[in-house]
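S.K.: After the structure tokens below, expect a handful of questions from me.
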Amino acid sequence: MPLARDESGTTLVELMVALMAGLVILSALTMVILTTLHGTSRVSARVHATQNARLGMTKLMQELHSACVTPEIAPIRQGSSGTSLQFIHQTGSAVSPTPVYSEVNFSGGALTQQDYHVTGTSPNWSKGAATGSPRTLLSDVAPVPPSSTIFSYYSYSGGTISQTPQTVPLSEGDAALTVEIHTALSAAPETTPVADSGANSVVQNSATLRLTPPSFNEGSPARPCQ
């Protein structure tokens, strides 16, 4: 007598359990993929923000490094503050440089620069008429928390650059002794896949306006461009 065929199959409960297990695995895989994509996008956005910020910072540092137009003339001007850098630098050849008065201002999340003609004669230069329109150096930037300033100014103390920034806005006397400018800012990515307070990139640099070691003679203060 032939044996009866086993006609038992998957029950509804077993089918539902298998379906739920599949959904759990699929959900986990989806979260892994989304997390990987967001992480990649975040890194890419941060790298792009860093590159843009460094490019703008490099241009500013190049102008500051060309700020010693003539010896013993202070390039940083009175009134410079934590959000406004005013300085005189030079363009053209080293044989016949042209002094330029520049203002770099931070406002509304943007760093802009306006150049001016220089009037008068050395060393009594002053700001003249504007040349062209303000140009944006960087956008979507901010001071590095908890600071509320972009620019810091330092002078020599005891033969070394002081670790304490000068009081801003700079007085005429403090501006005449400023030998180093430190710039620090936080650059936000143009786009980011998710709201992320850690996506900003901190970029900082400094320019020293000194050609020779400082004097240790207290009667001869270490001034810039000497």
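Starting from 1 in every chain, residues are counted up; chains themselves are A, B, ... following the order of the structure tokens, and ligands are numbered from 1 as listed.
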Would you pick out the contacts of range 135-150 of chain A at 6 Å or less, using only C-alpha atoms, so that residues sharing its chain but fewer than 5 positions from it are not included, and give the list as a ChimeraX atom specification?
M.R.: /A:56,82-83,109-113,183-188
S.K.: Export N, CA, C and O atoms of the chosen residues as a PDB file, in the first residue's frame?
M.R.:
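Contents of the output file part.pdb:
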ATOM      1  N   GLY A  56      40.092  81.596   0.907  1.00  0.00           N
ATOM      2  CA  GLY A  56      39.884  82.992   1.298  1.00  0.00           C
ATOM      3  C   GLY A  56      40.883  83.441   2.337  1.00  0.00           C
ATOM      4  O   GLY A  56      41.385  84.573   2.290  1.00  0.00           O
ATOM      5  N   GLY A  82      37.685  93.279  16.531  1.00  0.00           N
ATOM      6  CA  GLY A  82      37.554  91.842  16.376  1.00  0.00           C
ATOM      7  C   GLY A  82      36.785  91.428  15.147  1.00  0.00           C
ATOM      8  O   GLY A  82      36.874  90.278  14.708  1.00  0.00           O
ATOM      9  N   THR A  83      36.040  92.354  14.563  1.00  0.00           N
ATOM     10  CA  THR A  83      35.260  92.047  13.363  1.00  0.00           C
ATOM     11  C   THR A  83      35.590  92.972  12.201  1.00  0.00           C
ATOM     12  O   THR A  83      34.959  92.886  11.147  1.00  0.00           O
ATOM     13  N   GLY A 109      27.337  87.006   8.596  1.00  0.00           N
ATOM     14  CA  GLY A 109      27.853  85.710   8.175  1.00  0.00           C
ATOM     15  C   GLY A 109      28.786  85.754   6.988  1.00  0.00           C
ATOM     16  O   GLY A 109      29.129  84.702   6.439  1.00  0.00           O
ATOM     17  N   ALA A 110      29.220  86.945   6.591  1.00  0.00           N
ATOM     18  CA  ALA A 110      30.107  87.074   5.432  1.00  0.00           C
ATOM     19  C   ALA A 110      31.317  87.928   5.784  1.00  0.00           C
ATOM     20  O   ALA A 110      31.239  88.854   6.607  1.00  0.00           O
ATOM     21  N   LEU A 111      32.440  87.603   5.160  1.00  0.00           N
ATOM     22  CA  LEU A 111      33.672  88.367   5.300  1.00  0.00           C
ATOM     23  C   LEU A 111      33.898  89.102   3.986  1.00  0.00           C
ATOM     24  O   LEU A 111      34.096  88.476   2.940  1.00  0.00           O
ATOM     25  N   THR A 112      33.857  90.431   4.033  1.00  0.00           N
ATOM     26  CA  THR A 112      33.984  91.232   2.814  1.00  0.00           C
ATOM     27  C   THR A 112      35.185  92.163   2.915  1.00  0.00           C
ATOM     28  O   THR A 112      35.618  92.515   4.015  1.00  0.00           O
ATOM     29  N   GLN A 113      35.696  92.558   1.768  1.00  0.00           N
ATOM     30  CA  GLN A 113      36.844  93.462   1.724  1.00  0.00           C
ATOM     31  C   GLN A 113      36.566  94.626   0.798  1.00  0.00           C
ATOM     32  O   GLN A 113      36.090  94.448  -0.320  1.00  0.00           O
ATOM     33  N   THR A 183      43.777  85.205  12.829  1.00  0.00           N
ATOM     34  CA  THR A 183      42.437  85.115  12.257  1.00  0.00           C
ATOM     35  C   THR A 183      41.905  83.706  12.464  1.00  0.00           C
ATOM     36  O   THR A 183      42.572  82.732  12.124  1.00  0.00           O
ATOM     37  N   ALA A 184      40.705  83.603  13.023  1.00  0.00           N
ATOM     38  CA  ALA A 184      40.086  82.298  13.258  1.00  0.00           C
ATOM     39  C   ALA A 184      38.588  82.407  12.973  1.00  0.00           C
ATOM     40  O   ALA A 184      37.933  83.361  13.401  1.00  0.00           O
ATOM     41  N   LEU A 185      38.050  81.435  12.224  1.00  0.00           N
ATOM     42  CA  LEU A 185      36.631  81.450  11.901  1.00  0.00           C
ATOM     43  C   LEU A 185      36.109  80.033  11.720  1.00  0.00           C
ATOM     44  O   LEU A 185      36.862  79.093  11.528  1.00  0.00           O
ATOM     45  N   SER A 186      34.809  79.926  11.792  1.00  0.00           N
ATOM     46  CA  SER A 186      34.121  78.656  11.582  1.00  0.00           C
ATOM     47  C   SER A 186      33.333  78.758  10.281  1.00  0.00           C
ATOM     48  O   SER A 186      32.511  79.664  10.107  1.00  0.00           O
ATOM     49  N   ALA A 187      33.617  77.840   9.342  1.00  0.00           N
ATOM     50  CA  ALA A 187      32.982  77.860   8.019  1.00  0.00           C
ATOM     51  C   ALA A 187      31.939  76.759   7.939  1.00  0.00           C
ATOM     52  O   ALA A 187      32.217  75.601   8.235  1.00  0.00           O
ATOM     53  N   ALA A 188      30.732  77.135   7.528  1.00  0.00           N
ATOM     54  CA  ALA A 188      29.644  76.160   7.407  1.00  0.00           C
ATOM     55  C   ALA A 188      29.589  75.622   5.988  1.00  0.00           C
ATOM     56  O   ALA A 188      29.858  76.341   5.024  1.00  0.00           O
TER      57      ALA A 188
END
S.K.: CA of Met61 in chain A and CA of Thr98 in chain A are how many Å apart?
M.R.: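 Separating CA of Met61 in chain A from CA of Thr98 in chain A is a distance of 18.0 Å.
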S.K.: With a distance cut-off of 12 Å and only C-alpha atoms, select the neighbouring residues of Gly79 in chain A, excluding the residue or stretch itself and same-chain residues fewer than 2 positions from it, and output the selection as a PyMOL selection string.
M.R.: chain A and resi 76-77+81-87+103+153+167-176
S.K.: Please save N, CA and C atoms of the selected residues as a short mmCIF file (atom, residue, chain, number, x, y, z; two decimals), in the first residue's frame.
M.R.:
data_model
loop_
_atom_site.label_atom_id
_atom_site.label_comp_id
_atom_site.auth_asym_id
_atom_site.auth_seq_id
_atom_site.Cartn_x
_atom_site.Cartn_y
_atom_site.Cartn_z
N ILE A 76 48.86 98.06 10.48
CA ILE A 76 47.54 97.93 11.09
C ILE A 76 47.09 99.29 11.59
N ARG A 77 45.85 99.64 11.25
CA ARG A 77 45.39 101.00 11.51
C ARG A 77 44.53 101.10 12.75
N SER A 81 39.21 96.15 14.88
CA SER A 81 38.51 95.47 15.97
C SER A 81 38.46 93.97 15.71
N GLY A 82 37.68 93.28 16.53
CA GLY A 82 37.55 91.84 16.38
C GLY A 82 36.79 91.43 15.15
N THR A 83 36.04 92.35 14.56
CA THR A 83 35.26 92.05 13.36
C THR A 83 35.59 92.97 12.20
N SER A 84 36.57 93.84 12.38
CA SER A 84 36.96 94.77 11.32
C SER A 84 38.47 94.95 11.33
N LEU A 85 39.13 94.51 10.27
CA LEU A 85 40.57 94.63 10.13
C LEU A 85 40.88 95.72 9.12
N GLN A 86 41.61 96.74 9.55
CA GLN A 86 42.00 97.85 8.67
C GLN A 86 43.52 97.88 8.58
N PHE A 87 44.02 97.84 7.36
CA PHE A 87 45.47 97.78 7.21
C PHE A 87 45.89 98.36 5.86
N GLU A 103 39.93 97.42 4.14
CA GLU A 103 39.10 97.11 5.30
C GLU A 103 38.45 95.75 5.06
N TYR A 153 44.80 90.76 17.83
CA TYR A 153 46.03 91.52 17.56
C TYR A 153 46.99 91.37 18.75
N THR A 167 43.56 95.06 23.47
CA THR A 167 42.17 95.51 23.62
C THR A 167 41.69 96.12 22.31
N VAL A 168 40.49 95.75 21.91
CA VAL A 168 39.91 96.30 20.68
C VAL A 168 38.69 97.15 21.02
N PRO A 169 38.39 98.15 20.15
CA PRO A 169 39.16 98.54 18.96
C PRO A 169 40.52 99.11 19.33
N LEU A 170 41.47 98.93 18.41
CA LEU A 170 42.83 99.35 18.68
C LEU A 170 42.95 100.86 18.78
N SER A 171 43.68 101.30 19.79
CA SER A 171 44.03 102.71 19.87
C SER A 171 45.17 103.00 18.92
N GLU A 172 45.50 104.25 18.76
CA GLU A 172 46.60 104.61 17.86
C GLU A 172 47.91 104.01 18.34
N GLY A 173 48.12 104.03 19.67
CA GLY A 173 49.34 103.48 20.22
C GLY A 173 49.42 101.97 20.07
N ASP A 174 48.30 101.27 20.33
CA ASP A 174 48.30 99.81 20.19
C ASP A 174 48.46 99.38 18.74
N ALA A 175 47.84 100.12 17.82
CA ALA A 175 47.97 99.79 16.40
C ALA A 175 49.42 99.92 15.95
N ALA A 176 50.12 100.91 16.50
CA ALA A 176 51.52 101.13 16.11
C ALA A 176 52.43 100.02 16.61
#
S.K.: Using only C-alpha atoms, which residues sit within 12 Å of Pro75 in chain A once same-chain residues fewer than 4 positions away are excluded, as a ChimeraX atom specification?
M.R.: /A:63-71,80,85-90,99-103,122-126,172,174-181,207-210,223-226
S.K.: Looking only at alpha helix (DSSP H) from DSSP on the backbone, list the matching residues of range 8-205 of chain A as a PyMOL selection string.
M.R.: chain A and resi 12-65+172-176
S.K.: Between CA of Asn205 in chain A and CA of Gln62 in chain A, what distance in Å does the model show, to one decimal?
M.R.: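 Here the two named atoms are 11.2 Å from each other.
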S.K.: As a list in words, please: all residues of range 50-109 of chain A that backbone DSSP puts in strand (DSSP E).
M.R.: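 Residues meeting the strand (DSSP E) criterion: Ser84, Leu85, Gln86, Phe87, Ile88, His89, Gln90, Thr91, Thr98, Pro99, Val100, Tyr101, Ser102, Glu103, Val104, Asn105, Phe106 and Ser107 of chain A.
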S.K.: Quick one: write out the picked residues with C-alpha atoms as an mmCIF file, in the first residue's frame?
M.R.:
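After the write, selection_30.cif holds the following:
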data_model
loop_
_atom_site.group_PDB
_atom_site.id
_atom_site.type_symbol
_atom_site.label_atom_id
_atom_site.label_comp_id
_atom_site.auth_asym_id
_atom_site.auth_seq_id
_atom_site.Cartn_x
_atom_site.Cartn_y
_atom_site.Cartn_z
ATOM 1 C CA SER A 84 36.960 94.765 11.317
ATOM 2 C CA LEU A 85 40.571 94.630 10.126
ATOM 3 C CA GLN A 86 41.996 97.851 8.672
ATOM 4 C CA PHE A 87 45.472 97.779 7.207
ATOM 5 C CA ILE A 88 47.774 99.184 4.534
ATOM 6 C CA HIS A 89 49.519 96.823 2.152
ATOM 7 C CA GLN A 90 51.159 97.073 -1.239
ATOM 8 C CA THR A 91 50.566 95.957 -4.785
ATOM 9 C CA THR A 98 51.537 101.034 -4.659
ATOM 10 C CA PRO A 99 50.092 101.319 -1.141
ATOM 11 C CA VAL A 100 46.480 100.235 -0.719
ATOM 12 C CA TYR A 101 44.220 100.850 2.277
ATOM 13 C CA SER A 102 41.946 97.845 2.912
ATOM 14 C CA GLU A 103 39.105 97.108 5.297
ATOM 15 C CA VAL A 104 38.023 93.510 5.923
ATOM 16 C CA ASN A 105 34.699 93.382 7.752
ATOM 17 C CA PHE A 106 32.635 90.539 9.179
ATOM 18 C CA SER A 107 28.874 91.072 9.100
#
S.K.: Mind pulling up the distance from CA of Pro189 in chain A to CA of Arg46 in chain A?
M.R.: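 One can read the CA of Arg46 in chain A to CA of Pro189 in chain A distance as 5.7 Å.
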